[in-house]
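This report concerns only the one structure given below.
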Amino acid sequence: MRLDVRKTYKLFIGGKFPRSESGRTYRALDHKGEFLANIAQGSRKDARDAVVAARSAQSGWDSATAYNRGQVLYRIAEMLEGRRDQFVSELQALTGISEKKANLEVDAAIDSWVWHAGWSDKIDSVAGNMNPVAGPFFNISTNQPTGVVAVIAPQDSGLVGLVNSIAPAIVSGNTVVVIASEKLALPAITFTEVLATSDLPGGVVNVLTGSEKEIAPWLASHQDVNAIDTEGSQNAVELELKAAENLKRVIRPGSYSRNGSQGSLQHILDLMEVKTVWHPKGH
Amino acid sequence: MFEYAPAPESRAIVNFQKSYGHFIGGKFTKPANTFQTISPATEEVLAEISEGSAKDVDQAVKAARSAYEKTWSKISGSERGKYLYRIARIIQERSRELAVAETLNNGKPIKETRDVDLPLVASWFFYYAGWADKLDYAGLGPNPKAHGVAAQIIPWNFPLMMLAWKIAPALAAGNTVVLKPAETTSLTALLFAEICQQAELPEGVVNIVTGHGATGAALVGHPDVNKVAFTGSTDVGRLIAKQVAGTNKKVTLELGGKAANIVFDDAPLDQAIEGIINGIFFNQGHVCCAGSRLLVQESIQDELLKKLKKRMETLRLGDPLDKNTDIGAINSKAQLDKISKLVKQGQKEGGEVWAPNCPIPKNGFWYAPTIITGVSPTNTVAREEIFGPVLSVMTFRTPAEAVAKANNTPFGLSAGIWTEKGSRILKLADQLNAGVIWANTFNQFDPTSPFGGFKESGYGREGGRHGLLAYLKAGN
Amino acid sequence: MQKISPETIVGSRITNQSLRRWLHSLPGVDKVGLEQRAASLGTRSIKTTSKAWALDAAIKMMDLTTLEGMDTPERVRSLCLKAITPDPTDLSTPSPAAICVYGDMVPHAKKALEGTNIYVAAVATAFPSGRASMAVKLLDTKDAVKNGADEIDMVIDRGAFLSGNYLEVFKQIVAIKEACLRKDGSYAHLKVILETGELQTYDNIRRASYLAMLAGGDFIKTSTGKVSVNATIPTTLLMLQAVRDWFDEHGVMIGVKPAGGIRTAKDAMKYLVVVKEIAGEAWLTPEYFRFGASSLLNDVLMQKQKMKTGNYSGPDYVTVD
């Protein structure tokens with residue numbers, strides 16, 4: 001009999017897989033309460049490192065062409081499709097849902113990436129404006145990513161909820177620091193492996209596992225984070241209060257559905273800034 | 001030689017009442033707990049206005065709720081639009097009166113209230129009037145809905161203009177409003193209340209409660225308010241963001257700024273000088289998007305400063321009602337003290353302070369147009385919003401350095417770029433973290449054009465289609 | 001006249017290339033910003049004492065002009081008499097700076113103005129088109145100077161300018177300047193008409209202004225009055241910036257003359273405001289600022305009468321010229 005080689009699950013920061021600097025782990029259990037894996041328990045210092053990674057990746061990701069970002073997002077869908085079985089079995093193990101239901105969730109997650117991928121080069125066509133000002137000026141409003149977004153992923157939806165929280169943020173050029181569902185962390189970790197093997201530049205998506213209760217307040221109060229999506233937080237009000245300190249944009253829990261194969265343009269726009277440029281016309 | 005004789009605009013056109021109550025449910029309440037409101041140019045008392053209590057706020061919100069449910073949400077968009085058109089017309093008809101009233105209560109030059117503020121106020125109502133029956137095209141899908149009751153708090157720098165920016169889109173979208181004007185500049189809002197009566201706007205659609213910060217806090221905190229819109233300081237913006245945490249209230253905040261006005265060596269120099277002047281001395285620098293940090297390419301600093309100083313010597317400071325006045329009064333003693341303190345701090349930290357030799361009137365609150373040169377990014381005057389006619393001058397050598405310095409602030413409201421090179425403008429416009437970028441111009445506003453900031457300058461936009469969205473939610 | 005060296009200013013031998021490099025190194029002009037600035041100065045309100053001063057100043061700075069094919073010696077004489085006594089009901093009214101006529105009318109104007117301080121300005125160089133050979137332009141100029149013209153209003157070769165032949169424009173101005181030389185070694189004052197309405201862009205107008213100043217023009221003048229777009233406030237403002245900057249840089253004061261289309265006292269006062277605020281009060285003198293106008297004088301006179309009597313005046317109370 002051969003002893004199986006078990007995997008050590010780690011964080012995903014800056015495109016790399018570091019252990020938590022705290023050295024802590026917690027036990028992920030399956031739906032029957034059986035031990036499934038040891039998961040890295042991220043700390044505030046990991047959160048800090050993740051923000052640094054996200055910030056340094058942001059301008060590059062932002063200045064990639066929209067076409068390129070769309071291709072990268074589509075590539076994620078492709079890679080996800082390729083590892084469908086692993087996600088199905090993880091979802092089943094964690095939640096006890098049927099294979100069919102697990103497959104439906106994976107379908108939705110993949111389709112959501114495809115849906116979001118297509119938005120990258122259409123946002124400004126739909127949500128930008130040429131403004132007919134009453135004067136000899138060229139005047140245009142475009143949408144730009146807000147910067148670094150902290151995402152508290154939904155606790156009850158390990159894959160599609162995660163995808164529908166990350167995709168609307170990164171499609172426009174934001175980079176994110178995500179705290180995965182504490183209980184359903186395994187698909188999030190597996191998903192980081194998908195990301196690592198897709199064409200996504202390191203640092204665009206950073207995934208922390210552990211207690212959102214412990215880590216999220218540090219992200220909410222972090223002065224170099226521009227927006228926070230509190231969807232999966234148990235203490236969303238506390239996070240909103242902390243976020244007010246540097247006037248982060250806040251997405252409150254329940255603002256958007258996270259279970260579908262399509263997201264919401266408004267969700268994408270909530271994490272963008274309208275920039276209006278004026279220039280005189282004359283020769 | 002050719003000295004301009006005084007050319008004062010007549011103030012006979014304005015009749016303030018001795019004292020004002022609040023405007024609630026279409027009627028003025030009896031004045032109570034009054035305080036004086038003055039002309040900052042002369043310190044003359046113009047009228048007494050009432051300090052709004054929590055009870056007043058509650059009554060105003062109730063009036064707004066009732067108007068929302070009984071009338072405003074029931075009538076068609078086109079009818080709402082017609083009310084707004086009517087208001088726009090009355091504003092145009094009474095524009096000289098409102099301009100003089102604004103100048104008296106705010107201290108800004110009549111030239112500005114007459115040529116900038118009032119035309120924009122009217123155009124804002126005209127613009128949003130046209131949206132009222134076209135909400136399906138706003139971008140939220142069919143049948144978008146109003147939020148309900150909007151609480152709106154506005155600052156003292158553009159009293160009537162800020163009122164228009166708030167009320168016009170709110171009403172067009174179908175909300176009713178309770179608005180609190182700034183405590184030092186409430187009079188034009190109260191004149192606007194009369195205009196609402198004149199337009200026969202249904203009672204309670206617009207309610208105005210005057211008072212200080214506590215009145216505003218009561219309004220923001222009122223449980224029956226669905227939407228909060230605030231323009232003012234970043235500090236108060238933070239308080240509001242905290243106050244609404246955990247509620248379902250939608251919020252837009254238009255807060256402070258510390259805009260960089262970047263001048264390259266190939267700029268259209270004479271126009272850049274005007275842009276710098278307009279950027280920082282328009283409205284005494286009481287402008288959240290003021291170009292308060294001049295970033296000038298090192299190679300042209302001397303030439304530019306020489307021209308700038310010469311130009312500043314032609315600025316005329318004094319009686320705001322004089323049609324030839326360029327720089328009026330500082331709005332309050334408190335603001336004047338803040339400006340003086342920050343400039344002194346700038347001097348202490350090594351900045352060189354220069355102002356033209358312009359006579360300062362004896363009464364009232366005044367500050368000469370001032371530039372501080374030799375400023376470095378660590379200096380207080382390079383970081384804090386002065387909100388006065390004070391320009392901090394810094395230099396840069398390369399475009400990358402200009403962008404880095406311009407973005408090196410928690411604010412992100414506006415920025416200016418001056419260069420004849422088109423590709424550089426477009427690149428910089430991408431790189432600058434600010435909601436409004438003026439290239440080869442500055443301080444332009446238009447109802448069709450979204451305005452608002454990045455980062456600590458707030459969130460949400462006012463103006464244009466985007467400004468309308470702040471007052472709508474997707475329908476079912 | 002202070003001597004300036006074009007080579008020093010341009011920083012090289014004068015060639016078309018070096019002129020082009022120099023002219024194109026001037027800061028650009030943003031049309032919208034320039035026009036906004038002009039409009040904002042247009043809102044200055046001039047009252048009482050300053051208005052009285054400005055009305056007199058406007059007359060003193062006027063080149064009272066008649067440039068018609070149907071001009072006759074008698075017509076010119078009549079205009080000169082009007083210049084000497086603009087308002088017979090108010091003898092304290094100042095006289096215009098000059099009478100501006102075609103070259104052949106110079107002797108008649110000189111005669112009529114004998115014993116006064118009123119100058120005679122002659123348009124020359126195949127005015128208004130400037131389309132003639134250099135020999136003709138030179139002769140045109142010399143003839144006027146010989147007949148006693150105090151000032152020469154020349155036109156630049158717009159065709160050469162617009163085709164990028166700056167050297168040709170420069171050379172012509174230099175040559176005409178030389179043709180302004182009088183027997184006594186002094187020079188007739190040279191005004192260089194840019195015909196801004198044909199140059200079309202503000203960048204061109206700024207460059208033409210610099211070219212004219214470099215070549216030795218004493219004045220830069222907007223227009224002939226013979227094309228559809230003549231003097232405008234923004235154009236004049238731009239030219240005033242040019243002379244201001246020229247003085248700052250080279251210490252030489254050049255005059256500015258807007259011409260064509262300035263018909264009312266109100267317009268004239270707007271121009272004076274622009275002079276004061278852009279170039280400064282040093283330019284508020286006939287030596288450095290002129291209006292080229294024909295019908296402006298009577299409107300100014302009517303305004304003066306209004307100030308004196310309090311009643312609005314009418315055309316029957318000022319003389320036809």
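Going by the structure tokens order, chains are called A, B, ..., each with residues numbered from 1, while ligands are numbered from 1 in the order shown.
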
request  = Could you please tell me, as a PyMOL selection string, which residues of chain C have an atom within 8 Å of chain B when using only C-alpha atoms?
outcome  = chain C and resi 27-30+33-34+37+43-50+53-54+276-277+281

key: chain C contacts to chain A at 7 Å (only C-alpha atoms) as a ChimeraX atom specification   = /C:31-32,201

message = With only C-alpha atoms as the counted atoms, please give the residues lying no more than 8 Å from A:Glu212, apart from itself and same-chain residues fewer than 5 positions off, as a PyMOL selection string.
response = chain A and resi 152+179-182+233

Please report, as CSV, each residue of chain B lying at most 7 Å from chain A, together with the nearest pair of atoms and the separation in Å rounded to one decimal; use only C-alpha atoms, and order rows by chain and ascending residue number.
residue,atom,partner,partner_atom,distance
B:Arg238,CA,A:Ala244,CA,5.4
B:Ala241,CA,A:Ala244,CA,5.4
B:Lys242,CA,A:Leu241,CA,5.0
B:Ala245,CA,A:Glu240,CA,5.5
B:Gly246,CA,A:Val237,CA,4.7
B:Ala434,CA,A:Lys275,CA,6.8
B:Gly435,CA,A:Lys275,CA,4.4
B:Val436,CA,A:Thr276,CA,4.8
B:Ile437,CA,A:Val277,CA,4.6
B:Trp438,CA,A:Trp278,CA,4.9
B:Ala439,CA,A:His279,CA,5.1
B:Asn440,CA,A:His279,CA,6.2
B:Thr441,CA,A:His279,CA,6.7
B:Asp446,CA,A:Val133,CA,5.8
B:Thr448,CA,A:Asn131,CA,5.7
B:Ser449,CA,A:Asn131,CA,5.7
B:Pro450,CA,A:Thr276,CA,6.5
B:Phe454,CA,A:Glu273,CA,6.5
B:Lys455,CA,A:Leu247,CA,6.6
B:Glu456,CA,A:Leu247,CA,5.5
B:Gly458,CA,A:Leu247,CA,6.6

Could you save those same residues with all heavy atoms as a compact mmCIF listing (two decimals), in the first residue's frame?
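What landed in again_39.txt:
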# COMPACT_ATOMS: atom_id res chain seq x y z
N ARG B 238 -16.52 62.14 6.20
CA ARG B 238 -16.20 60.94 6.96
C ARG B 238 -17.27 60.66 8.03
O ARG B 238 -17.71 59.53 8.20
CB ARG B 238 -14.87 61.16 7.69
CG ARG B 238 -13.69 60.52 7.02
CD ARG B 238 -12.48 60.56 7.94
NE ARG B 238 -11.69 61.77 7.73
CZ ARG B 238 -10.80 61.90 6.75
NH1 ARG B 238 -10.58 60.92 5.90
NH2 ARG B 238 -10.11 63.01 6.61
N ALA B 241 -20.29 59.32 6.36
CA ALA B 241 -20.09 57.93 5.94
C ALA B 241 -20.25 56.99 7.13
O ALA B 241 -20.77 55.89 7.01
CB ALA B 241 -18.72 57.77 5.29
N LYS B 242 -19.79 57.45 8.30
CA LYS B 242 -19.93 56.61 9.49
C LYS B 242 -21.38 56.58 9.98
O LYS B 242 -21.89 55.55 10.40
CB LYS B 242 -19.04 57.15 10.62
CG LYS B 242 -17.57 56.85 10.36
CD LYS B 242 -16.68 57.39 11.45
CE LYS B 242 -15.22 57.21 11.03
NZ LYS B 242 -14.28 57.90 11.90
N ALA B 245 -23.44 54.15 8.11
CA ALA B 245 -22.98 52.76 8.08
C ALA B 245 -24.06 51.86 8.68
O ALA B 245 -24.64 52.18 9.71
CB ALA B 245 -21.67 52.62 8.86
N GLY B 246 -24.32 50.77 8.01
CA GLY B 246 -25.29 49.82 8.53
C GLY B 246 -26.73 50.16 8.19
O GLY B 246 -27.64 49.44 8.57
N ALA B 434 -7.99 61.62 -10.65
CA ALA B 434 -8.91 62.70 -10.32
C ALA B 434 -10.15 62.56 -11.17
O ALA B 434 -10.10 62.08 -12.29
CB ALA B 434 -8.25 64.06 -10.56
N GLY B 435 -11.26 62.98 -10.61
CA GLY B 435 -12.54 62.80 -11.28
C GLY B 435 -12.79 63.76 -12.42
O GLY B 435 -13.56 63.47 -13.32
N VAL B 436 -12.13 64.91 -12.35
CA VAL B 436 -12.29 65.89 -13.42
C VAL B 436 -10.91 66.33 -13.86
O VAL B 436 -10.09 66.75 -13.03
CB VAL B 436 -13.09 67.13 -12.97
CG1 VAL B 436 -13.35 68.06 -14.15
CG2 VAL B 436 -14.41 66.71 -12.35
N ILE B 437 -10.65 66.21 -15.14
CA ILE B 437 -9.36 66.65 -15.67
C ILE B 437 -9.62 67.79 -16.64
O ILE B 437 -10.36 67.63 -17.61
CB ILE B 437 -8.64 65.52 -16.45
CG1 ILE B 437 -8.62 64.22 -15.65
CG2 ILE B 437 -7.26 65.98 -16.89
CD1 ILE B 437 -7.53 64.06 -14.67
N TRP B 438 -9.04 68.92 -16.34
CA TRP B 438 -9.16 70.03 -17.27
C TRP B 438 -7.84 70.18 -18.02
O TRP B 438 -6.80 70.44 -17.40
CB TRP B 438 -9.46 71.33 -16.52
CG TRP B 438 -10.87 71.42 -16.02
CD1 TRP B 438 -11.99 71.46 -16.78
CD2 TRP B 438 -11.32 71.50 -14.66
NE1 TRP B 438 -13.11 71.57 -15.98
CE2 TRP B 438 -12.73 71.59 -14.69
CE3 TRP B 438 -10.66 71.52 -13.43
CZ2 TRP B 438 -13.49 71.70 -13.52
CZ3 TRP B 438 -11.42 71.62 -12.28
CH2 TRP B 438 -12.82 71.71 -12.33
N ALA B 439 -7.87 69.98 -19.31
CA ALA B 439 -6.66 70.13 -20.10
C ALA B 439 -6.74 71.43 -20.87
O ALA B 439 -7.71 71.68 -21.59
CB ALA B 439 -6.50 68.95 -21.05
N ASN B 440 -5.76 72.27 -20.69
CA ASN B 440 -5.71 73.60 -21.32
C ASN B 440 -6.95 74.43 -21.01
O ASN B 440 -7.38 75.27 -21.81
CB ASN B 440 -5.48 73.49 -22.83
CG ASN B 440 -4.08 72.98 -23.13
OD1 ASN B 440 -3.14 73.29 -22.41
ND2 ASN B 440 -3.94 72.17 -24.17
N THR B 441 -7.50 74.18 -19.86
CA THR B 441 -8.59 75.01 -19.34
C THR B 441 -8.69 74.66 -17.86
O THR B 441 -7.96 73.79 -17.38
CB THR B 441 -9.90 74.74 -20.10
OG1 THR B 441 -10.89 75.67 -19.67
CG2 THR B 441 -10.40 73.33 -19.85
N ASP B 446 -20.57 72.25 -16.25
CA ASP B 446 -21.71 72.19 -17.15
C ASP B 446 -22.66 71.12 -16.63
O ASP B 446 -22.22 70.08 -16.13
CB ASP B 446 -21.22 71.83 -18.57
CG ASP B 446 -22.30 72.05 -19.60
OD1 ASP B 446 -23.13 71.13 -19.81
OD2 ASP B 446 -22.34 73.14 -20.20
N THR B 448 -24.29 68.99 -18.13
CA THR B 448 -24.21 67.71 -18.83
C THR B 448 -22.97 66.92 -18.44
O THR B 448 -22.81 65.78 -18.86
CB THR B 448 -24.16 67.91 -20.37
OG1 THR B 448 -22.91 68.52 -20.71
CG2 THR B 448 -25.30 68.78 -20.85
N SER B 449 -22.09 67.53 -17.67
CA SER B 449 -20.77 66.95 -17.44
C SER B 449 -20.62 66.47 -16.00
O SER B 449 -20.72 67.26 -15.07
CB SER B 449 -19.71 68.00 -17.76
OG SER B 449 -18.44 67.49 -17.50
N PRO B 450 -20.37 65.17 -15.80
CA PRO B 450 -20.26 64.65 -14.44
C PRO B 450 -19.10 65.28 -13.67
O PRO B 450 -18.02 65.50 -14.23
CB PRO B 450 -20.00 63.15 -14.64
CG PRO B 450 -20.45 62.87 -16.03
CD PRO B 450 -20.23 64.12 -16.80
N PHE B 454 -12.24 61.12 -6.87
CA PHE B 454 -11.64 59.85 -6.49
C PHE B 454 -11.29 59.95 -5.00
O PHE B 454 -11.30 61.02 -4.41
CB PHE B 454 -10.32 59.61 -7.25
CG PHE B 454 -10.43 59.18 -8.68
CD1 PHE B 454 -11.47 59.61 -9.50
CD2 PHE B 454 -9.46 58.36 -9.24
CE1 PHE B 454 -11.54 59.22 -10.83
CE2 PHE B 454 -9.51 57.96 -10.57
CZ PHE B 454 -10.55 58.40 -11.37
N LYS B 455 -10.94 58.83 -4.43
CA LYS B 455 -10.34 58.74 -3.10
C LYS B 455 -11.10 59.58 -2.06
O LYS B 455 -12.32 59.54 -1.97
CB LYS B 455 -8.86 59.12 -3.18
CG LYS B 455 -8.09 58.22 -4.16
CD LYS B 455 -6.57 58.34 -4.01
CE LYS B 455 -6.00 59.58 -4.66
NZ LYS B 455 -4.55 59.63 -4.62
N GLU B 456 -10.36 60.37 -1.28
CA GLU B 456 -11.00 61.10 -0.18
C GLU B 456 -11.75 62.35 -0.64
O GLU B 456 -12.24 63.12 0.17
CB GLU B 456 -9.97 61.46 0.90
CG GLU B 456 -9.47 60.24 1.64
CD GLU B 456 -8.76 60.58 2.95
OE1 GLU B 456 -8.96 61.68 3.47
OE2 GLU B 456 -7.99 59.72 3.42
N GLY B 458 -14.39 61.98 -2.18
CA GLY B 458 -15.77 61.55 -2.12
C GLY B 458 -16.15 60.54 -3.16
O GLY B 458 -15.28 60.04 -3.88

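Atom CA of A:Met79 is found 22.9 Å from atom CA of A:Arg6.
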
message = Taking only stretch 344-476 of chain B into account, list the residues labelled strand (DSSP E or B) by DSSP (computed from the backbone), as number ranges by chain.
response = B: 352-354, 370-373, 390-396, 414-418, 436-439, 451, 458-459, 462, 472-473

Using N, CA, C and O atoms, can you export the residues from the last selection as a compact mmCIF listing (two decimals), in the first residue's frame?
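Ended up saving to result_31.txt:
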# COMPACT_ATOMS: atom_id res chain seq x y z
N GLU B 352 8.13 80.60 0.45
CA GLU B 352 8.26 82.04 0.30
C GLU B 352 6.90 82.59 -0.11
O GLU B 352 6.37 82.22 -1.14
N VAL B 353 6.38 83.48 0.74
CA VAL B 353 5.02 83.97 0.52
C VAL B 353 5.05 85.30 -0.22
O VAL B 353 5.82 86.19 0.13
N TRP B 354 4.27 85.39 -1.26
CA TRP B 354 4.20 86.64 -2.03
C TRP B 354 2.76 87.00 -2.32
O TRP B 354 1.95 86.14 -2.64
N THR B 370 -2.52 85.17 -3.00
CA THR B 370 -1.19 84.85 -2.47
C THR B 370 -0.61 83.65 -3.17
O THR B 370 -1.33 82.70 -3.48
N ILE B 371 0.70 83.70 -3.41
CA ILE B 371 1.37 82.47 -3.86
C ILE B 371 2.50 82.13 -2.90
O ILE B 371 3.13 83.01 -2.32
N ILE B 372 2.69 80.85 -2.73
CA ILE B 372 3.81 80.39 -1.89
C ILE B 372 4.72 79.59 -2.79
O ILE B 372 4.33 78.56 -3.35
N THR B 373 5.94 80.08 -2.96
CA THR B 373 6.89 79.37 -3.82
C THR B 373 7.87 78.58 -2.96
O THR B 373 7.93 78.75 -1.75
N VAL B 390 -4.92 81.00 -2.13
CA VAL B 390 -3.51 80.75 -1.87
C VAL B 390 -3.02 79.60 -2.73
O VAL B 390 -3.56 78.49 -2.70
N LEU B 391 -1.99 79.88 -3.52
CA LEU B 391 -1.46 78.91 -4.45
C LEU B 391 -0.09 78.42 -3.98
O LEU B 391 0.80 79.22 -3.70
N SER B 392 0.07 77.10 -3.89
CA SER B 392 1.36 76.54 -3.53
C SER B 392 2.08 76.11 -4.80
O SER B 392 1.53 75.39 -5.62
N VAL B 393 3.31 76.58 -4.97
CA VAL B 393 4.03 76.34 -6.22
C VAL B 393 5.13 75.31 -6.02
O VAL B 393 5.97 75.45 -5.12
N MET B 394 5.10 74.28 -6.85
CA MET B 394 6.15 73.26 -6.83
C MET B 394 6.63 73.05 -8.25
O MET B 394 5.97 73.47 -9.20
N THR B 395 7.75 72.37 -8.39
CA THR B 395 8.27 72.14 -9.75
C THR B 395 8.39 70.64 -10.02
O THR B 395 8.35 69.82 -9.11
N PHE B 396 8.53 70.34 -11.31
CA PHE B 396 8.83 68.97 -11.71
C PHE B 396 9.74 69.03 -12.93
O PHE B 396 9.88 70.08 -13.55
N SER B 414 -9.85 66.97 -8.84
CA SER B 414 -9.63 67.54 -10.16
C SER B 414 -8.13 67.70 -10.41
O SER B 414 -7.32 67.55 -9.50
N ALA B 415 -7.80 67.98 -11.66
CA ALA B 415 -6.41 68.25 -12.02
C ALA B 415 -6.40 69.04 -13.31
O ALA B 415 -7.35 68.97 -14.10
N GLY B 416 -5.33 69.80 -13.50
CA GLY B 416 -5.19 70.57 -14.74
C GLY B 416 -3.92 70.16 -15.46
O GLY B 416 -2.92 69.80 -14.82
N ILE B 417 -3.98 70.19 -16.79
CA ILE B 417 -2.80 69.88 -17.60
C ILE B 417 -2.67 70.99 -18.63
O ILE B 417 -3.65 71.31 -19.31
N TRP B 418 -1.49 71.53 -18.75
CA TRP B 418 -1.26 72.57 -19.76
C TRP B 418 -0.10 72.18 -20.65
O TRP B 418 1.05 72.15 -20.21
N VAL B 436 -12.13 64.91 -12.35
CA VAL B 436 -12.29 65.89 -13.42
C VAL B 436 -10.91 66.33 -13.86
O VAL B 436 -10.09 66.75 -13.03
N ILE B 437 -10.65 66.21 -15.14
CA ILE B 437 -9.36 66.65 -15.67
C ILE B 437 -9.62 67.79 -16.64
O ILE B 437 -10.36 67.63 -17.61
N TRP B 438 -9.04 68.92 -16.34
CA TRP B 438 -9.16 70.03 -17.27
C TRP B 438 -7.84 70.18 -18.02
O TRP B 438 -6.80 70.44 -17.40
N ALA B 439 -7.87 69.98 -19.31
CA ALA B 439 -6.66 70.13 -20.10
C ALA B 439 -6.74 71.43 -20.87
O ALA B 439 -7.71 71.68 -21.59
N PHE B 451 -19.33 65.52 -12.40
CA PHE B 451 -18.33 66.15 -11.54
C PHE B 451 -18.28 65.37 -10.23
O PHE B 451 -19.31 65.06 -9.65
N GLY B 458 -14.39 61.98 -2.18
CA GLY B 458 -15.77 61.55 -2.12
C GLY B 458 -16.15 60.54 -3.16
O GLY B 458 -15.28 60.04 -3.88
N TYR B 459 -17.45 60.20 -3.21
CA TYR B 459 -17.91 59.28 -4.23
C TYR B 459 -19.27 59.67 -4.78
O TYR B 459 -20.03 60.36 -4.14
N GLU B 462 -22.02 64.32 -9.72
CA GLU B 462 -23.11 65.26 -9.92
C GLU B 462 -22.98 65.84 -11.32
O GLU B 462 -21.88 66.13 -11.77
N LEU B 472 -31.42 57.42 -8.49
CA LEU B 472 -32.28 56.36 -9.02
C LEU B 472 -31.78 54.99 -8.57
O LEU B 472 -30.62 54.82 -8.25
N LYS B 473 -32.70 54.02 -8.56
CA LYS B 473 -32.28 52.64 -8.43
C LYS B 473 -33.00 51.83 -9.50
O LYS B 473 -34.04 52.27 -10.03

request  = Please identify all polymer residues within 8 Å of A:Gly42, counting only C-alpha atoms, omitting same-chain residues fewer than 2 positions from it, and present them as a PyMOL selection string.
outcome  = chain A and resi 11+20-22+24+40+44-47+208-211+215

task = Identify, on the basis of only C-alpha atoms, every residue whose closest approach to B:Ala329 does not exceed 10 Å; exclude the query and any residue fewer than 4 positions from it along the same chain; express the result as a list in words.
result = Ser39, Pro40, Ala41, Thr42, Thr103, Leu104, Asn106, Gly107, Lys108, Pro109, Asn283, Gln284, Leu317, Gly318, Asp319, Pro320, Leu336, Ile360, Pro361, Gly364, Phe365, Trp366, Tyr367 and Ala368 of chain B
